[in-house]
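For reference, protein.cif (mmCIF, C-alpha atoms (C1' of nucleotides)):
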```cif
data_final
loop_
_atom_site.group_PDB
_atom_site.id
_atom_site.type_symbol
_atom_site.label_atom_id
_atom_site.label_comp_id
_atom_site.auth_asym_id
_atom_site.auth_seq_id
_atom_site.Cartn_x
_atom_site.Cartn_y
_atom_site.Cartn_z
ATOM 1 C CA MET G 138 0.000 0.000 0.000
ATOM 2 C CA GLU G 139 1.210 3.481 -0.753
ATOM 3 C CA LEU G 140 -0.386 6.885 -0.196
ATOM 4 C CA GLN G 141 0.697 10.367 -1.241
ATOM 5 C CA LEU G 142 -0.493 13.040 1.166
ATOM 6 C CA PRO G 143 -0.107 16.701 0.141
ATOM 7 C CA ALA G 144 0.890 19.469 2.529
ATOM 8 C CA ARG G 145 0.285 23.183 2.481
ATOM 9 C CA PRO G 146 3.576 24.663 1.243
ATOM 10 C CA PRO G 147 6.180 25.342 2.350
ATOM 11 C CA PHE G 148 6.803 21.842 3.644
ATOM 12 C CA SER G 149 9.921 19.939 4.546
ATOM 13 C CA PHE G 150 9.665 16.346 5.769
ATOM 14 C CA ALA G 151 13.091 16.503 7.427
ATOM 15 C CA ALA G 152 12.218 19.775 9.155
ATOM 16 C CA VAL G 153 9.158 18.204 10.769
ATOM 17 C CA ALA G 154 11.112 15.068 11.700
ATOM 18 C CA ASP G 155 13.795 17.254 13.280
ATOM 19 C CA SER G 156 11.376 19.684 14.924
ATOM 20 C CA HIS G 157 12.038 18.069 18.325
ATOM 21 C CA GLY G 158 13.058 14.746 19.813
ATOM 22 C CA TRP G 159 9.815 12.831 19.272
ATOM 23 C CA ARG G 160 11.195 10.779 16.372
ATOM 24 C CA GLN G 161 13.763 9.303 18.774
ATOM 25 C CA LEU G 162 10.994 7.889 20.964
ATOM 26 C CA ALA G 163 9.301 4.523 20.422
ATOM 27 C CA PRO G 164 7.375 3.508 18.444
ATOM 28 C CA PHE G 165 9.108 5.831 15.973
ATOM 29 C CA GLY G 166 12.125 4.507 14.135
ATOM 30 C CA GLY G 167 14.279 5.541 11.199
ATOM 31 C CA ASP G 168 15.949 8.880 10.606
ATOM 32 C CA ARG G 169 15.085 12.434 9.579
ATOM 33 C CA ASP G 170 14.638 11.470 5.932
ATOM 34 C CA ALA G 171 12.686 8.229 6.375
ATOM 35 C CA LEU G 172 10.695 7.548 9.522
ATOM 36 C CA SER G 173 8.857 4.446 10.575
ATOM 37 C CA TYR G 174 6.053 4.257 13.088
ATOM 38 C CA VAL G 175 4.259 1.222 14.544
ATOM 39 C CA LEU G 176 0.594 2.169 14.543
ATOM 40 C CA ARG G 177 -2.330 0.441 16.177
ATOM 41 C CA LEU G 178 -5.406 1.130 14.076
ATOM 42 C CA ASN G 179 -8.696 1.740 15.872
ATOM 43 C CA ALA G 180 -9.907 -1.786 15.169
ATOM 44 C CA GLY G 181 -6.775 -3.243 16.756
ATOM 45 C CA ARG G 182 -4.693 -4.110 13.691
ATOM 46 C CA VAL G 183 -1.018 -3.242 14.224
ATOM 47 C CA ILE G 184 0.960 -2.065 11.192
ATOM 48 C CA GLU G 185 4.254 -0.381 10.447
ATOM 49 C CA LEU G 186 4.115 2.869 8.518
ATOM 50 C CA HIS G 187 7.083 3.911 6.381
ATOM 51 C CA LEU G 188 7.096 7.683 6.015
ATOM 52 C CA ALA G 189 9.201 9.839 3.714
ATOM 53 C CA GLY G 190 9.073 13.176 1.987
ATOM 54 C CA ALA G 191 7.637 13.312 -1.509
ATOM 55 C CA GLY G 192 7.565 16.740 -3.103
ATOM 56 C CA ASP G 193 5.362 18.995 -1.007
ATOM 57 C CA GLY G 194 3.983 16.172 1.066
ATOM 58 C CA VAL G 195 4.456 12.770 2.643
ATOM 59 C CA ARG G 196 4.633 9.335 1.069
ATOM 60 C CA VAL G 197 3.157 6.632 3.292
ATOM 61 C CA ALA G 198 3.870 2.959 2.666
ATOM 62 C CA ALA G 199 2.855 -0.168 4.565
ATOM 63 C CA ASP G 200 2.823 -3.875 3.832
ATOM 64 C CA GLY G 201 -0.454 -5.627 3.232
ATOM 65 C CA GLU G 202 -3.919 -4.929 1.941
ATOM 66 C CA PHE G 203 -6.110 -2.280 3.501
ATOM 67 C CA ALA G 204 -9.830 -1.560 3.475
ATOM 68 C CA ALA G 205 -11.010 1.900 2.479
ATOM 69 C CA ALA G 206 -11.786 2.781 6.109
ATOM 70 C CA GLU G 207 -8.279 1.782 7.161
ATOM 71 C CA LEU G 208 -6.712 3.874 4.394
ATOM 72 C CA SER G 209 -8.814 6.824 5.474
ATOM 73 C CA GLU G 210 -7.713 6.350 9.097
ATOM 74 C CA ILE G 211 -4.042 6.132 8.075
ATOM 75 C CA ALA G 212 -4.303 9.284 5.960
ATOM 76 C CA ALA G 213 -5.988 11.220 8.774
ATOM 77 C CA THR G 214 -3.415 10.003 11.292
ATOM 78 C CA VAL G 215 -0.394 10.994 9.202
ATOM 79 C CA THR G 216 -2.009 14.330 8.295
ATOM 80 C CA TRP G 217 -2.321 15.072 12.015
ATOM 81 C CA MET G 218 1.178 13.832 12.895
ATOM 82 C CA PHE G 219 2.816 16.085 10.301
ATOM 83 C CA GLY G 220 0.342 18.966 10.509
ATOM 84 C CA LEU G 221 -0.032 18.749 6.736
ATOM 85 C CA ASP G 222 -3.052 21.054 6.666
ATOM 86 C CA GLN G 223 -1.530 23.722 8.911
ATOM 87 C CA ASP G 224 -1.351 27.223 7.481
ATOM 88 C CA LEU G 225 1.675 29.020 8.933
ATOM 89 C CA SER G 226 1.816 31.836 6.376
ATOM 90 C CA ALA G 227 1.075 34.442 9.076
ATOM 91 C CA PHE G 228 4.041 33.203 11.108
ATOM 92 C CA TYR G 229 6.357 33.382 8.114
ATOM 93 C CA ALA G 230 5.106 36.884 7.353
ATOM 94 C CA ALA G 231 5.720 37.986 10.934
ATOM 95 C CA ALA G 232 9.173 36.401 10.955
ATOM 96 C CA SER G 233 10.263 37.723 7.573
ATOM 97 C CA GLY G 234 12.294 40.621 8.965
ATOM 98 C CA GLU G 235 13.989 38.690 11.750
ATOM 99 C CA PRO G 236 17.432 37.253 10.881
ATOM 100 C CA LYS G 237 17.213 34.753 13.736
ATOM 101 C CA LEU G 238 14.138 33.251 12.080
ATOM 102 C CA ALA G 239 15.251 33.508 8.473
ATOM 103 C CA GLN G 240 16.242 29.845 8.400
ATOM 104 C CA ALA G 241 12.759 28.846 9.607
ATOM 105 C CA ALA G 242 10.890 30.141 6.586
ATOM 106 C CA ALA G 243 13.659 29.223 4.173
ATOM 107 C CA GLY G 244 13.801 25.666 5.512
ATOM 108 C CA GLY G 245 10.069 25.107 5.703
ATOM 109 C CA LYS G 246 10.282 24.914 9.491
ATOM 110 C CA GLY G 247 7.262 25.570 11.660
ATOM 111 C CA ARG G 248 5.414 22.285 11.962
ATOM 112 C CA ILE G 249 6.084 20.182 15.054
ATOM 113 C CA LEU G 250 5.938 16.398 14.867
ATOM 114 C CA ARG G 251 3.018 14.940 16.811
ATOM 115 C CA SER G 252 2.033 11.510 17.983
ATOM 116 C CA PRO G 253 -1.151 10.013 16.505
ATOM 117 C CA THR G 254 -3.048 10.666 19.745
ATOM 118 C CA LEU G 255 -2.964 13.396 22.352
ATOM 119 C CA PHE G 256 -2.872 10.627 24.951
ATOM 120 C CA GLU G 257 0.501 9.499 23.617
ATOM 121 C CA ASP G 258 1.782 13.080 23.519
ATOM 122 C CA VAL G 259 0.671 13.761 27.096
ATOM 123 C CA VAL G 260 2.292 10.572 28.403
ATOM 124 C CA LYS G 261 5.518 11.334 26.537
ATOM 125 C CA THR G 262 5.515 14.925 27.750
ATOM 126 C CA ILE G 263 5.112 13.792 31.370
ATOM 127 C CA LEU G 264 8.045 11.453 30.803
ATOM 128 C CA THR G 265 10.224 14.360 29.654
ATOM 129 C CA THR G 266 9.789 16.220 32.934
ATOM 130 C CA ASN G 267 12.438 16.312 35.617
ATOM 131 C CA THR G 268 14.782 13.941 33.861
ATOM 132 C CA VAL G 269 17.390 13.758 31.135
ATOM 133 C CA TRP G 270 16.588 12.827 27.535
ATOM 134 C CA GLY G 271 18.223 9.404 27.833
ATOM 135 C CA SER G 272 15.884 8.503 30.663
ATOM 136 C CA THR G 273 12.880 9.732 28.708
ATOM 137 C CA LYS G 274 13.812 7.472 25.805
ATOM 138 C CA ARG G 275 14.254 4.545 28.177
ATOM 139 C CA MET G 276 10.965 5.123 29.970
ATOM 140 C CA VAL G 277 9.008 5.425 26.710
ATOM 141 C CA ALA G 278 10.686 2.291 25.336
ATOM 142 C CA ASN G 279 9.778 0.431 28.518
ATOM 143 C CA VAL G 280 6.138 1.514 28.376
ATOM 144 C CA VAL G 281 5.864 0.512 24.707
ATOM 145 C CA GLY G 282 7.684 -2.771 25.275
ATOM 146 C CA LEU G 283 5.617 -3.767 28.276
ATOM 147 C CA PHE G 284 2.145 -2.624 27.270
ATOM 148 C CA GLY G 285 2.030 -2.061 23.491
ATOM 149 C CA ASP G 286 0.443 -4.460 21.039
ATOM 150 C CA PRO G 287 3.073 -6.318 18.963
ATOM 151 C CA LEU G 288 3.620 -5.886 15.251
ATOM 152 C CA PRO G 289 2.749 -9.329 13.760
ATOM 153 C CA ALA G 290 5.662 -9.277 11.306
ATOM 154 C CA ASP G 291 8.152 -8.367 14.056
ATOM 155 C CA PRO G 292 6.727 -8.927 17.559
ATOM 156 C CA ALA G 293 9.744 -7.206 19.130
ATOM 157 C CA ARG G 294 8.330 -3.954 17.812
ATOM 158 C CA ARG G 295 5.169 -2.678 19.419
ATOM 159 C CA ALA G 296 2.618 0.094 19.082
ATOM 160 C CA PHE G 297 2.182 2.741 21.746
ATOM 161 C CA PRO G 298 -0.102 1.334 24.467
ATOM 162 C CA THR G 299 -3.765 2.206 24.502
ATOM 163 C CA PRO G 300 -5.178 3.965 27.569
ATOM 164 C CA ALA G 301 -6.989 0.714 28.459
ATOM 165 C CA SER G 302 -3.767 -1.278 28.288
ATOM 166 C CA LEU G 303 -1.948 1.125 30.618
ATOM 167 C CA ALA G 304 -4.999 1.473 32.861
ATOM 168 C CA ALA G 305 -4.979 -2.284 33.400
ATOM 169 C CA SER G 306 -1.474 -2.049 34.821
ATOM 170 C CA ASP G 307 -0.641 -0.969 38.351
ATOM 171 C CA GLU G 308 1.556 1.615 39.993
ATOM 172 C CA ALA G 309 4.188 -0.853 41.182
ATOM 173 C CA THR G 310 4.731 -2.247 37.673
ATOM 174 C CA LEU G 311 4.967 1.227 36.188
ATOM 175 C CA ARG G 312 7.356 2.336 38.900
ATOM 176 C CA GLN G 313 9.661 -0.657 38.917
ATOM 177 C CA ALA G 314 9.360 -2.496 35.588
ATOM 178 C CA ALA G 315 8.846 0.560 33.389
ATOM 179 C CA ARG G 316 11.160 2.651 35.609
ATOM 180 C CA LEU G 317 8.799 5.618 35.652
ATOM 181 C CA GLY G 318 9.558 6.328 39.290
ATOM 182 C CA TYR G 319 7.361 8.948 40.918
ATOM 183 C CA ARG G 320 5.718 9.678 37.529
ATOM 184 C CA ALA G 321 3.941 6.289 37.642
ATOM 185 C CA PRO G 322 0.832 7.492 39.545
ATOM 186 C CA ALA G 323 0.365 10.379 37.112
ATOM 187 C CA VAL G 324 0.553 8.142 34.023
ATOM 188 C CA LEU G 325 -1.700 5.525 35.609
ATOM 189 C CA GLU G 326 -4.314 8.067 36.655
ATOM 190 C CA LEU G 327 -4.308 9.623 33.185
ATOM 191 C CA ALA G 328 -4.735 6.224 31.492
ATOM 192 C CA GLN G 329 -7.538 5.257 33.850
ATOM 193 C CA ARG G 330 -9.436 8.520 33.350
ATOM 194 C CA VAL G 331 -9.148 8.339 29.557
ATOM 195 C CA ALA G 332 -10.017 4.616 29.448
ATOM 196 C CA ALA G 333 -13.057 5.176 31.654
ATOM 197 C CA GLY G 334 -14.274 8.052 29.495
ATOM 198 C CA ALA G 335 -13.900 10.550 32.328
ATOM 199 C CA LEU G 336 -11.427 12.582 30.262
ATOM 200 C CA ASP G 337 -11.968 13.125 26.530
ATOM 201 C CA LEU G 338 -8.360 13.872 25.670
ATOM 202 C CA GLU G 339 -8.712 13.326 21.926
ATOM 203 C CA GLY G 340 -11.640 15.725 21.842
ATOM 204 C CA LEU G 341 -9.249 18.475 22.906
ATOM 205 C CA ARG G 342 -7.297 18.081 19.652
ATOM 206 C CA THR G 343 -10.072 19.728 17.673
ATOM 207 C CA ALA G 344 -11.979 21.505 20.452
ATOM 208 C CA ASP G 345 -12.792 25.105 19.627
ATOM 209 C CA LEU G 346 -11.746 26.288 23.064
ATOM 210 C CA PRO G 347 -9.947 29.533 23.891
ATOM 211 C CA THR G 348 -6.323 28.829 24.708
ATOM 212 C CA PRO G 349 -6.709 29.806 28.411
ATOM 213 C CA GLU G 350 -9.520 27.254 28.819
ATOM 214 C CA LEU G 351 -7.521 24.582 26.991
ATOM 215 C CA ARG G 352 -4.553 25.396 29.199
ATOM 216 C CA LYS G 353 -6.734 25.072 32.302
ATOM 217 C CA ARG G 354 -7.952 21.624 31.261
ATOM 218 C CA LEU G 355 -4.461 20.354 30.496
ATOM 219 C CA LEU G 356 -3.115 21.737 33.775
ATOM 220 C CA ALA G 357 -5.756 19.684 35.579
ATOM 221 C CA ILE G 358 -3.895 16.537 34.479
ATOM 222 C CA LYS G 359 -1.665 15.223 37.241
ATOM 223 C CA GLY G 360 1.996 15.579 36.289
ATOM 224 C CA VAL G 361 1.316 18.415 33.828
ATOM 225 C CA GLY G 362 2.705 21.726 35.044
ATOM 226 C CA PRO G 363 3.649 25.011 33.338
ATOM 227 C CA TYR G 364 6.381 23.535 31.143
ATOM 228 C CA ALA G 365 4.382 20.469 30.115
ATOM 229 C CA VAL G 366 1.230 22.430 29.327
ATOM 230 C CA ALA G 367 3.140 24.865 27.119
ATOM 231 C CA ASN G 368 4.712 21.942 25.269
ATOM 232 C CA LEU G 369 1.293 20.350 24.748
ATOM 233 C CA LEU G 370 -0.260 23.623 23.586
ATOM 234 C CA MET G 371 2.496 23.880 20.975
ATOM 235 C CA LEU G 372 1.678 20.365 19.796
ATOM 236 C CA LEU G 373 -1.975 21.374 19.581
ATOM 237 C CA GLY G 374 -1.121 24.329 17.363
ATOM 238 C CA ARG G 375 -1.505 26.999 20.036
ATOM 239 C CA TYR G 376 1.707 28.966 19.766
ATOM 240 C CA ASP G 377 1.235 31.737 22.328
ATOM 241 C CA ALA G 378 2.996 29.771 25.080
ATOM 242 C CA ILE G 379 6.686 28.966 25.553
ATOM 243 C CA PRO G 380 7.736 25.650 27.119
ATOM 244 C CA ILE G 381 10.199 27.070 29.626
ATOM 245 C CA ASP G 382 12.590 24.433 30.873
ATOM 246 C CA SER G 383 16.171 24.652 32.081
ATOM 247 C CA TRP G 384 17.420 24.694 28.464
ATOM 248 C CA ALA G 385 15.179 27.668 27.626
ATOM 249 C CA LEU G 386 16.448 29.564 30.659
ATOM 250 C CA SER G 387 20.020 28.809 29.671
ATOM 251 C CA GLN G 388 19.595 29.869 26.027
ATOM 252 C CA VAL G 389 17.689 33.073 26.776
ATOM 253 C CA SER G 390 20.172 33.918 29.503
ATOM 254 C CA ARG G 391 23.070 33.654 27.068
ATOM 255 C CA GLY G 392 21.236 35.061 24.059
ATOM 256 C CA PHE G 393 19.527 38.030 25.677
ATOM 257 C CA HIS G 394 21.088 38.685 29.102
ATOM 258 C CA GLY G 395 24.788 38.049 28.721
ATOM 259 C CA GLY G 396 24.643 34.859 30.779
ATOM 260 C CA ALA G 397 23.056 36.455 33.853
ATOM 261 C CA ALA G 398 20.662 34.391 35.974
ATOM 262 C CA ILE G 399 17.064 34.806 34.755
ATOM 263 C CA GLY G 400 13.613 33.397 35.415
ATOM 264 C CA PRO G 401 10.567 32.494 33.292
ATOM 265 C CA ALA G 402 9.472 36.134 33.126
ATOM 266 C CA GLU G 403 12.606 37.050 31.185
ATOM 267 C CA VAL G 404 11.990 34.239 28.688
ATOM 268 C CA GLU G 405 8.433 35.461 28.162
ATOM 269 C CA ALA G 406 9.649 39.033 27.779
ATOM 270 C CA ALA G 407 12.295 38.076 25.224
ATOM 271 C CA PHE G 408 9.641 36.709 22.856
ATOM 272 C CA ALA G 409 6.630 38.807 23.865
ATOM 273 C CA ARG G 410 6.748 40.823 20.624
ATOM 274 C CA TRP G 411 5.826 37.717 18.642
ATOM 275 C CA GLY G 412 2.388 37.565 20.277
ATOM 276 C CA ALA G 413 0.383 34.597 19.073
ATOM 277 C CA TRP G 414 3.524 33.188 17.432
ATOM 278 C CA LYS G 415 5.944 33.552 20.330
ATOM 279 C CA GLY G 416 6.058 29.806 20.968
ATOM 280 C CA LEU G 417 7.103 29.118 17.376
ATOM 281 C CA ALA G 418 9.521 32.049 17.374
ATOM 282 C CA TYR G 419 11.219 30.587 20.456
ATOM 283 C CA TRP G 420 11.124 27.033 19.102
ATOM 284 C CA PHE G 421 12.783 27.837 15.782
ATOM 285 C CA TRP G 422 15.017 30.686 16.976
ATOM 286 C CA GLN G 423 18.566 30.343 15.688
ATOM 287 C CA TRP G 424 20.623 30.219 18.885
ATOM 288 C CA ALA G 425 24.317 30.944 18.877
ATOM 289 C CA ASP G 426 25.240 27.280 19.330
ATOM 290 C "C1'" DG Q 207 0.857 34.536 45.527
ATOM 291 C "C1'" DG Q 208 5.447 33.027 46.583
ATOM 292 C "C1'" DT Q 209 8.743 29.612 48.390
ATOM 293 C "C1'" DA Q 210 10.948 25.388 50.158
ATOM 294 C "C1'" DG Q 211 11.401 20.691 50.082
ATOM 295 C "C1'" DA Q 212 10.264 16.080 48.457
ATOM 296 C "C1'" DC Q 213 9.720 13.120 44.600
ATOM 297 C "C1'" DC Q 214 12.967 9.323 41.430
ATOM 298 C "C1'" DT Q 215 16.411 7.992 38.203
ATOM 299 C "C1'" DG Q 216 20.788 7.582 36.220
ATOM 300 C "C1'" DG Q 217 25.127 9.701 35.039
ATOM 301 C "C1'" DA Q 218 29.359 11.786 36.832
ATOM 302 C "C1'" DC Q 219 32.676 11.766 40.113
ATOM 303 C "C1'" DG Q 220 35.761 10.489 43.959
ATOM 304 C "C1'" DC Q 221 37.569 6.936 46.648
ATOM 305 C "C1'" DG N 169 32.706 -1.652 42.877
ATOM 306 C "C1'" DC N 170 30.607 1.431 46.010
ATOM 307 C "C1'" DG N 171 28.843 5.715 47.875
ATOM 308 C "C1'" DT N 172 27.705 10.519 47.133
ATOM 309 C "C1'" DC N 173 26.228 14.361 44.551
ATOM 310 C "C1'" DC N 174 23.545 16.529 41.107
ATOM 311 C "C1'" DA N 175 20.147 17.792 37.316
ATOM 312 C "C1'" DG N 176 15.650 17.719 35.724
ATOM 313 C "C1'" DG N 177 9.684 19.865 36.452
ATOM 314 C "C1'" DT N 178 5.748 19.123 39.418
ATOM 315 C "C1'" DC N 179 3.258 18.863 43.620
ATOM 316 C "C1'" DT N 180 2.176 19.974 48.289
ATOM 317 C "C1'" DA N 181 2.523 22.298 52.516
ATOM 318 C "C1'" DC N 182 3.368 26.339 54.544
ATOM 319 C "C1'" DC N 183 3.821 31.327 55.174
#
```
Take the structure in the file and write it out as structure tokens.
Amino acid sequence: MELQLPARPPFSFAAVADSHGWRQLAPFGGDRDALSYVLRLNAGRVIELHLAGAGDGVRVAADGEFAAAELSEIAATVTWMFGLDQDLSAFYAAASGEPKLAQAAAGGKGRILRSPTLFEDVVKTILTTNTVWGSTKRMVANVVGLFGDPLPADPARRAFPTPASLAASDEATLRQAARLGYRAPAVLELAQRVAAGALDLEGLRTADLPTPELRKRLLAIKGVGPYAVANLLMLLGRYDAIPIDSWALSQVSRGFHGGAAIGPAEVEAAFARWGAWKGLAYWFWQWAD
DNA sequence: GGTAGACCTGGACGC
DNA sequence: GCGTCCAGGTCTACC
């Protein structure tokens, strides 16, 4: 099976793949020019998608035969993951006079790689907090390996777990076997609420909510604080928030304050002039190093 | 509203 | 090989 999915130009497959570290997390595989992703379709079938750039869009390939409904689901999933229908022309127009953002427009940067579900993105975001990237990769790999459905052609590879699969686990297993540590209760509670229908996380992807209300709902999730909510808002296409972590403080300190100690307010102030686009301006800013 | 301390893991470091 | 220290956001208790 092969699909060609068009994107609103400008588009760069490698730029989306490199937009942040998500492609290094299971069940992604491959490199910036050719990604793979083990996807569990809604009906439970587990497949491996092979994704690559093709002109102004994405080429999707997978082994096997697919029904029309499955093809439609795959197309919608990849369109969401790569933000193919996003219109960032206003951001490029705003950034046109800024040398530090010149490479963004020229390189087709602006889209941020997403997971197929907001559930997966929330879990992964929680697993990025208060730890180093190597631990995040390990924790995500553990969760996928322990609770994901296997790919029939290669059972060692698995899809990201469903909320029900994680909800059926327990805190001790998540703490010790998956090595989530103190994050285990947060991930378990999230999975249980989504699996029970108490939290419609996927509905938030397309909800026509003002950003402050969306922020409020995401902040209500255990384990999601100011940094995590800003990261999730970026993934949801709301760019008026900056995910301020220790790296952001370090970069803004060096780039705007000569290395002096700063706090979140200084990061916000440094990008305030970009308004609704300040998150993207920060994300794709060309830092000295 | 602001602040301090606990939470947990794994890497770096010293012995 | 072992023990100690530290970095990394969020949560809770307290002022």
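The list of residues with at least one atom within 9 Å of segment 217-219 of chain Q, based on all atoms listed in the file and without residues fewer than 2 positions apart in the same chain, reads DT172, DC173 and DC174 of chain N.
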For the residues in that selection, give me C-alpha atoms (C1' of nucleotides) as a tab-separated table (two decimals), in the coordinates of the input.
```tsv
chain	number	residue	atom	x	y	z
N	172	DT	C1'	27.70	10.52	47.13
N	173	DC	C1'	26.23	14.36	44.55
N	174	DC	C1'	23.54	16.53	41.11
```
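Take atom CA of Ala357 of chain G and atom CA of Val324 of chain G: the distance between them is 13.2 Å.
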Inset, instruction - List the residues selected by the PyMOL selection byres ((chain G) within 9 of (chain Q)) in the file shown, writing them as number ranges by chain. - result: G: 268-269, 271-272, 316-320
Inset, instruction - Run the PyMOL selection byres ((chain N) within 12 of (chain G)) against the file shown and list the residues it catches, as a PyMOL selection string. - result: chain N and resi 174-179
Legend entry - Residue neighbourhood segment 206-215 of chain G, 9 Å, all atoms listed in the file, exclusion window fewer than 4 positions, as a list of chain:residue names: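 Near neighbours after the sequence-gap exclusion: G:Met138, G:Leu140, G:Gln141, G:Leu142, G:Leu176, G:Leu178, G:Asn179, G:Ala180, G:Leu186, G:Leu188, G:Val195, G:Val197, G:Phe219, G:Gly220, G:Leu221, G:Ser252, G:Pro253, G:Thr254.
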Inset, instruction - Extract, using all atoms listed in the file, all DNA, RNA and protein residues at most 12 Å from Val331 of chain G, discarding same-chain residues fewer than 5 positions from it, and format them as a PyMOL selection string. - result: chain G and resi 254-257+259-260+299-304+324-326+336-340+358
Go ahead and save the residues from that selection, with C-alpha atoms, as an mmCIF file, in the coordinates of the input.
```cif
data_model
loop_
_atom_site.group_PDB
_atom_site.id
_atom_site.type_symbol
_atom_site.label_atom_id
_atom_site.label_comp_id
_atom_site.auth_asym_id
_atom_site.auth_seq_id
_atom_site.Cartn_x
_atom_site.Cartn_y
_atom_site.Cartn_z
ATOM 1 C CA THR G 254 -3.048 10.666 19.745
ATOM 2 C CA LEU G 255 -2.964 13.396 22.352
ATOM 3 C CA PHE G 256 -2.872 10.627 24.951
ATOM 4 C CA GLU G 257 0.501 9.499 23.617
ATOM 5 C CA VAL G 259 0.671 13.761 27.096
ATOM 6 C CA VAL G 260 2.292 10.572 28.403
ATOM 7 C CA THR G 299 -3.765 2.206 24.502
ATOM 8 C CA PRO G 300 -5.178 3.965 27.569
ATOM 9 C CA ALA G 301 -6.989 0.714 28.459
ATOM 10 C CA SER G 302 -3.767 -1.278 28.288
ATOM 11 C CA LEU G 303 -1.948 1.125 30.618
ATOM 12 C CA ALA G 304 -4.999 1.473 32.861
ATOM 13 C CA VAL G 324 0.553 8.142 34.023
ATOM 14 C CA LEU G 325 -1.700 5.525 35.609
ATOM 15 C CA GLU G 326 -4.314 8.067 36.655
ATOM 16 C CA LEU G 336 -11.427 12.582 30.262
ATOM 17 C CA ASP G 337 -11.968 13.125 26.530
ATOM 18 C CA LEU G 338 -8.360 13.872 25.670
ATOM 19 C CA GLU G 339 -8.712 13.326 21.926
ATOM 20 C CA GLY G 340 -11.640 15.725 21.842
ATOM 21 C CA ILE G 358 -3.895 16.537 34.479
#
```
Output as AutoDock Vina command-line options the centre and edge lengths (Å, one decimal) of the box along x, y and z of the file that holds every listed atom of segment 215-226 of chain G after adding 4 Å on each side.
```
--center_x -0.1 --center_y 21.4 --center_z 9.6 --size_x 13.9 --size_y 28.8 --size_z 14.5
```
Inset, instruction - With the file shown as input, list the residues that the PyMOL selection byres ((chain G and resi 151) around 12) selects, as a ChimeraX atom specification. - result: /G:148-150,152-157,160,167-172,188-195,219,244-250
Legend entry - Exercise: residues within 10 Å of coordinate (3.5, 27.1, 18.1), counting all atoms listed in the file, as a list in words: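 Every residue inside that radius is included here: Leu225, Phe228, Gly247, Arg248, Ile249, Ala367, Asn368, Leu369, Leu370, Met371, Leu372, Leu373, Gly374, Arg375, Tyr376, Asp377, Ala378, Ile379, Ala413, Trp414, Lys415, Gly416, Leu417, Ala418, Tyr419, Trp420 and Phe421 of chain G.
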Legend entry - Interatomic distance, atom CA of Ser387 of chain G to atom CA of Pro401 of chain G (Å, one decimal): 10.8 Å
Inset, instruction - Could you please determine the separation between atom CA of Thr343 of chain G and atom CA of Glu405 of chain G in Å, to one decimal place? - result: 26.5 Å
